[in-house]
Amino acid sequence: MSQLKPISHLDSVLPSTPGKFKSEKSPSYIHRLRFHTSISKLTLWSSFFLAFILIYYLCSSPSPSHSPRRALGVSWGGKEWERRVTRSTQKHSKSGLTVLVTGAAGFVGTHVSIALKRRGDAVLGLDNFNDYYDTGLKRDRQKLLERTGIFVVEGDINNTLLISKLFEVVPFTHVMHLAAQAGVRYAMQNPGSYIHSNIAGFVNLLEVCKAANPQPAIVWASSSSVYGLNSKVPFSERDRTDQPASLYAATKKAGEEIAHTYNHIYGLSITGLRFFTVYGPWGRPDMAYFFFTKNILKRKTISIFEAPNHGTVARDFTYIDDIVKGCLAALDTAKKSTGTGGKKKGNAQFRIFNLGNTSPVPVTQLVRILEKLLKVKAKKKILSMPRNGDVTFTHANISLAYRELGYKPSTDLETGLKKFVRWYLNYYPDAKRNSW
């Protein structure tokens with residue numbers, strides 16, 4: 001948004017012609033004039049601000065002529081809908097969890113949901129199926145979930161009525177919050193989507209959770225991006241995270257602070273997980289390993305960034321199965337929230353863990369592994385890393401997660417990429433054929 005130009009100091013009230021105003025003869029008048037001018041400017045800016053708030057409220061409020069269930073463009077509710085919700089949340093064991101998974105049709109959400117369901121937990125998914133990347137891939141993940149017996153409610157985490165209704169129908173013991181606007185570079189194109197999902201959506205979910213009776217324990221996805229410009233490696237949960245390098249990182253850091261606030265005031269049990277470069281089958285097309293594979297097979301040139309002074313860019317690539325184990329361990333060790341109906345009755349658990357592979361790999365090595373697995377030589381172009389929010393190096397210290405969660409990643413990059421490539425060639429059968 002363009003900013004309003006400030007009003008020039010007294011330009012509109014003092015004469016511009018020299019000699020017609022003798023300031024030395026009437027100083028009190030000037031003081032009164034300046035005072036009234038300041039009041040006028042304050043009134044003007046206040047009016048602008050109030051008008052902006054009013055316009056925003058009128059534009060964002062759903063029309064009273066429409067059903068509130070359609071306020072965000074998605075219909076829900078009714079007996080059949082409730083029946084599907086109830087069926088999806090049937091537990092196969094008395095000790096099982098009842099989990100709402102937000103972002104269920106996403107990469108990590110799909111894998112976590114299936115793992116929970118297969119071990120006997122009750123699972124309900126929620127996803128808005130936005131078009132940040134191929135919605136066809138998300139719909140195929142949805143079909144995979146449905147075959148496993150998981151119903152994915154189509155809706156947005158900003159829809160208070162919908163989230164409240166889900167808690168009315170199902171007494172969730174846990175929330176696995178994975179819905180978010182992902183991607184570092186996309187924030188430069190659509191910053192509002194990060195505020196909408198990662199901050200406003202998270203707050204809305206926490207508001208519903210704090211009012212629930214009983215309150216659920218919450219495990220949610222933060223990001224290794226919060227370490228930002230931190231140069232100390234490996235990254236520890238005790239390191240500073242006040243220098244984000246991207247808007248995405250800033251919203252995830254804000255999420256951690258907001259989570260702490262709701263934990264402190266309302267007694268919500270909250271665990272944040274800082275994921276480090278997750279990869280694997282059913283992954284995100286905007287990730288380097290994914291679009292490198294696509295472009296190598298198409299014989300297209302791939303851009304490989306290097307750090308300043310021809311330095312190495314490396315990532316702590318973490319295979320999806322290892323991440324899933326960490327997520328389930330966080331859910332299993334999460335203690336109950338201590339509040340009831342929005343009132344705190346005691347101190348609640350608050351935790352943050354790194355989930356990485358603790359073995360950074362240069363991006364150039366990632367490309368060499370893909371060349372080997374695809375049996376195609378990549379066309380490469382080396383470029384200096386642009387100032388778009390990416391960092392040059394990530395490395396997770398996972399000692400806390402190992403000690404508290406028993407988290408121990410076991411998949412090296414080549415093994416994980418081999419599984420990804422096998423999935424990719426099966427999901428995109430024309431990809432290999434077109435590379436010949």
# chains A, B, ... in the order shown; residues from 1 in each chain; ligands from 1

$ residues_around --residues "Phe420 in chain A" --least-positions-apart "5" --cutoff "9 Å" --atoms "only C-alpha atoms" --output "MDAnalysis selection string"
chainID A and resid 279:283 290 415 425

$ residues_around --residues "Thr110 in chain A" --least-positions-apart "4" --cutoff "7 Å" --atoms "only C-alpha atoms" --output "JSON, numbers by chain"
{"A": [104, 105, 106, 114, 141, 145]}

$ residues_around --residues "Gly120 in chain A" --least-positions-apart "4" --cutoff "8 Å" --atoms "only C-alpha atoms" --output "MDAnalysis selection string"
chainID A and resid 91:93 96 116

$ write_last_selection --atoms "N, CA, C and O atoms" --output "PDB file, in the first residue's frame"
ATOM      1  N   LYS A  91     -11.811 -44.068  17.444  1.00  0.00           N
ATOM      2  CA  LYS A  91     -10.543 -44.645  17.879  1.00  0.00           C
ATOM      3  C   LYS A  91     -10.604 -46.165  17.833  1.00  0.00           C
ATOM      4  O   LYS A  91     -11.652 -46.768  18.026  1.00  0.00           O
ATOM      5  N   HIS A  92      -9.439 -46.759  17.553  1.00  0.00           N
ATOM      6  CA  HIS A  92      -9.343 -48.210  17.535  1.00  0.00           C
ATOM      7  C   HIS A  92      -8.708 -48.750  18.807  1.00  0.00           C
ATOM      8  O   HIS A  92      -8.514 -49.952  18.945  1.00  0.00           O
ATOM      9  N   SER A  93      -8.367 -47.853  19.713  1.00  0.00           N
ATOM     10  CA  SER A  93      -7.840 -48.282  21.008  1.00  0.00           C
ATOM     11  C   SER A  93      -8.261 -47.275  22.072  1.00  0.00           C
ATOM     12  O   SER A  93      -8.382 -46.080  21.785  1.00  0.00           O
ATOM     13  N   GLY A  96      -5.927 -44.417  22.632  1.00  0.00           N
ATOM     14  CA  GLY A  96      -5.579 -43.628  21.455  1.00  0.00           C
ATOM     15  C   GLY A  96      -5.907 -42.155  21.609  1.00  0.00           C
ATOM     16  O   GLY A  96      -6.749 -41.759  22.423  1.00  0.00           O
ATOM     17  N   LEU A 116      -0.776 -41.568  12.225  1.00  0.00           N
ATOM     18  CA  LEU A 116      -1.653 -41.587  13.399  1.00  0.00           C
ATOM     19  C   LEU A 116      -2.788 -42.592  13.218  1.00  0.00           C
ATOM     20  O   LEU A 116      -3.101 -43.379  14.121  1.00  0.00           O
TER      21      LEU A 116
END

$ select_by_dssp --residues "range 171-336 of chain A" --states "alpha helix (DSSP H)" --output "ChimeraX atom specification"
/A:191-194,202-211,247-266,288-297,320-333

$ write_last_selection --atoms "C-alpha atoms" --output "tab-separated table (two decimals), in the first residue's frame"
chain	number	residue	atom	x	y	z
A	191	PRO	CA	3.14	-10.99	2.05
A	192	GLY	CA	-0.48	-10.77	3.14
A	193	SER	CA	-0.99	-14.51	2.82
A	194	TYR	CA	1.67	-15.11	5.50
A	202	PHE	CA	-2.90	-19.42	14.33
A	203	VAL	CA	-4.44	-16.92	16.77
A	204	ASN	CA	-7.93	-17.93	15.67
A	205	LEU	CA	-7.14	-21.60	16.28
A	206	LEU	CA	-5.68	-20.83	19.70
A	207	GLU	CA	-8.76	-18.80	20.59
A	208	VAL	CA	-11.01	-21.77	19.90
A	209	CYS	CA	-8.67	-24.16	21.73
A	210	LYS	CA	-8.49	-21.96	24.84
A	211	ALA	CA	-12.30	-21.88	25.06
A	247	LEU	CA	8.88	-12.50	6.31
A	248	TYR	CA	8.10	-16.23	6.50
A	249	ALA	CA	10.66	-16.59	9.30
A	250	ALA	CA	9.27	-13.52	11.06
A	251	THR	CA	5.74	-14.95	11.06
A	252	LYS	CA	6.99	-18.26	12.44
A	253	LYS	CA	8.92	-16.44	15.17
A	254	ALA	CA	5.81	-14.39	15.92
A	255	GLY	CA	3.91	-17.67	16.17
A	256	GLU	CA	6.32	-18.91	18.83
A	257	GLU	CA	5.81	-15.76	20.89
A	258	ILE	CA	2.03	-15.91	20.45
A	259	ALA	CA	2.06	-19.57	21.51
A	260	HIS	CA	3.97	-18.68	24.65
A	261	THR	CA	1.43	-15.99	25.47
A	262	TYR	CA	-1.52	-18.38	25.21
A	263	ASN	CA	0.37	-20.96	27.24
A	264	HIS	CA	1.10	-18.40	29.96
A	265	ILE	CA	-2.33	-16.78	30.15
A	266	TYR	CA	-4.72	-19.64	29.35
A	288	ALA	CA	14.62	-27.45	-4.64
A	289	TYR	CA	14.92	-31.24	-4.67
A	290	PHE	CA	11.47	-31.45	-6.31
A	291	PHE	CA	11.88	-28.89	-9.09
A	292	PHE	CA	15.50	-29.92	-9.66
A	293	THR	CA	14.20	-33.43	-10.42
A	294	LYS	CA	11.54	-32.05	-12.74
A	295	ASN	CA	13.94	-29.80	-14.67
A	296	ILE	CA	16.77	-32.32	-14.89
A	297	LEU	CA	14.39	-34.80	-16.51
A	320	ILE	CA	9.74	-37.13	5.96
A	321	ASP	CA	9.59	-40.43	7.90
A	322	ASP	CA	12.01	-39.04	10.49
A	323	ILE	CA	9.92	-35.88	10.82
A	324	VAL	CA	6.77	-37.96	11.30
A	325	LYS	CA	8.41	-39.89	14.14
A	326	GLY	CA	9.29	-36.61	15.80
A	327	CYS	CA	5.73	-35.30	15.42
A	328	LEU	CA	4.19	-38.43	16.92
A	329	ALA	CA	6.68	-38.41	19.79
A	330	ALA	CA	5.76	-34.78	20.51
A	331	LEU	CA	2.06	-35.67	20.57
A	332	ASP	CA	2.65	-38.70	22.79
A	333	THR	CA	4.69	-36.75	25.34

$ residues_around --residues "range 376-385 of chain A" --least-positions-apart "5" --cutoff "10 Å" --atoms "only C-alpha atoms" --output "number ranges by chain"
A: 292-293, 295-311, 313, 364, 367-368, 370-371, 390-392, 435-436

$ atom_distance --atom1 "CA of Pro234 in chain A" --atom2 "CA of Ile199 in chain A"
27.5 Å

$ residues_around --residues "range 395-402 of chain A" --least-positions-apart "4" --cutoff "7 Å" --atoms "only C-alpha atoms" --output "JSON, numbers by chain"
{"A": [233, 234, 235, 236, 315, 316, 353, 354, 355, 356, 357, 358, 359, 360, 406, 407, 408]}

$ atom_distance --atom1 "CA of Ala314 in chain A" --atom2 "CA of Ala245 in chain A"
16.2 Å

$ closest_residue --among "A:Thr318, A:Thr86, A:Gln365, A:Thr394" --to "Ser410 in chain A" --atoms "only C-alpha atoms"
A:Thr318

$ residues_around --residues "range 213-222 of chain A" --least-positions-apart "5" --cutoff "6 Å" --atoms "only C-alpha atoms" --output "PyMOL selection string"
chain A and resi 173-178+252+269-274+336-337+340-341

$ select_by_dssp --residues "range 137-243 of chain A" --states "strand (DSSP E or B)" --output "PyMOL selection string"
chain A and resi 152-154+174-177+217-221+235

$ write_last_selection --atoms "C-alpha atoms" --output "PDB file, in the first residue's frame"
ATOM      1  CA  VAL A 152     -10.553 -33.938   5.370  1.00  0.00           C
ATOM      2  CA  VAL A 153     -12.864 -31.024   6.115  1.00  0.00           C
ATOM      3  CA  GLU A 154     -12.440 -28.307   3.498  1.00  0.00           C
ATOM      4  CA  HIS A 174      -4.751 -32.998  20.638  1.00  0.00           C
ATOM      5  CA  VAL A 175      -4.309 -30.564  17.762  1.00  0.00           C
ATOM      6  CA  MET A 176      -1.495 -31.110  15.252  1.00  0.00           C
ATOM      7  CA  HIS A 177      -1.299 -27.679  13.671  1.00  0.00           C
ATOM      8  CA  ALA A 217      -2.744 -30.171  23.866  1.00  0.00           C
ATOM      9  CA  ILE A 218      -1.266 -28.448  20.809  1.00  0.00           C
ATOM     10  CA  VAL A 219       1.736 -29.443  18.724  1.00  0.00           C
ATOM     11  CA  TRP A 220       2.525 -27.101  15.861  1.00  0.00           C
ATOM     12  CA  ALA A 221       5.039 -26.579  13.087  1.00  0.00           C
ATOM     13  CA  PHE A 235      21.461 -24.257  15.710  1.00  0.00           C
TER      14      PHE A 235
END

$ closest_residue --among "A:Leu144, A:Ile163, A:Leu97, A:Ala334" --to "Gly201 in chain A" --atoms "only C-alpha atoms"
A:Ile163

$ residues_around --residues "Arg240 in chain A" --least-positions-apart "6" --cutoff "9 Å" --atoms "only C-alpha atoms" --output "VMD selection string"
chain A and resid 226 to 227 230

$ closest_residue --among "A:Arg351, A:Thr98, A:Arg387, A:Ile157" --to "Met188 in chain A" --atoms "only C-alpha atoms"
A:Arg387

$ atom_distance --atom1 "CA of Phe317 in chain A" --atom2 "CA of Arg284 in chain A"
13.8 Å
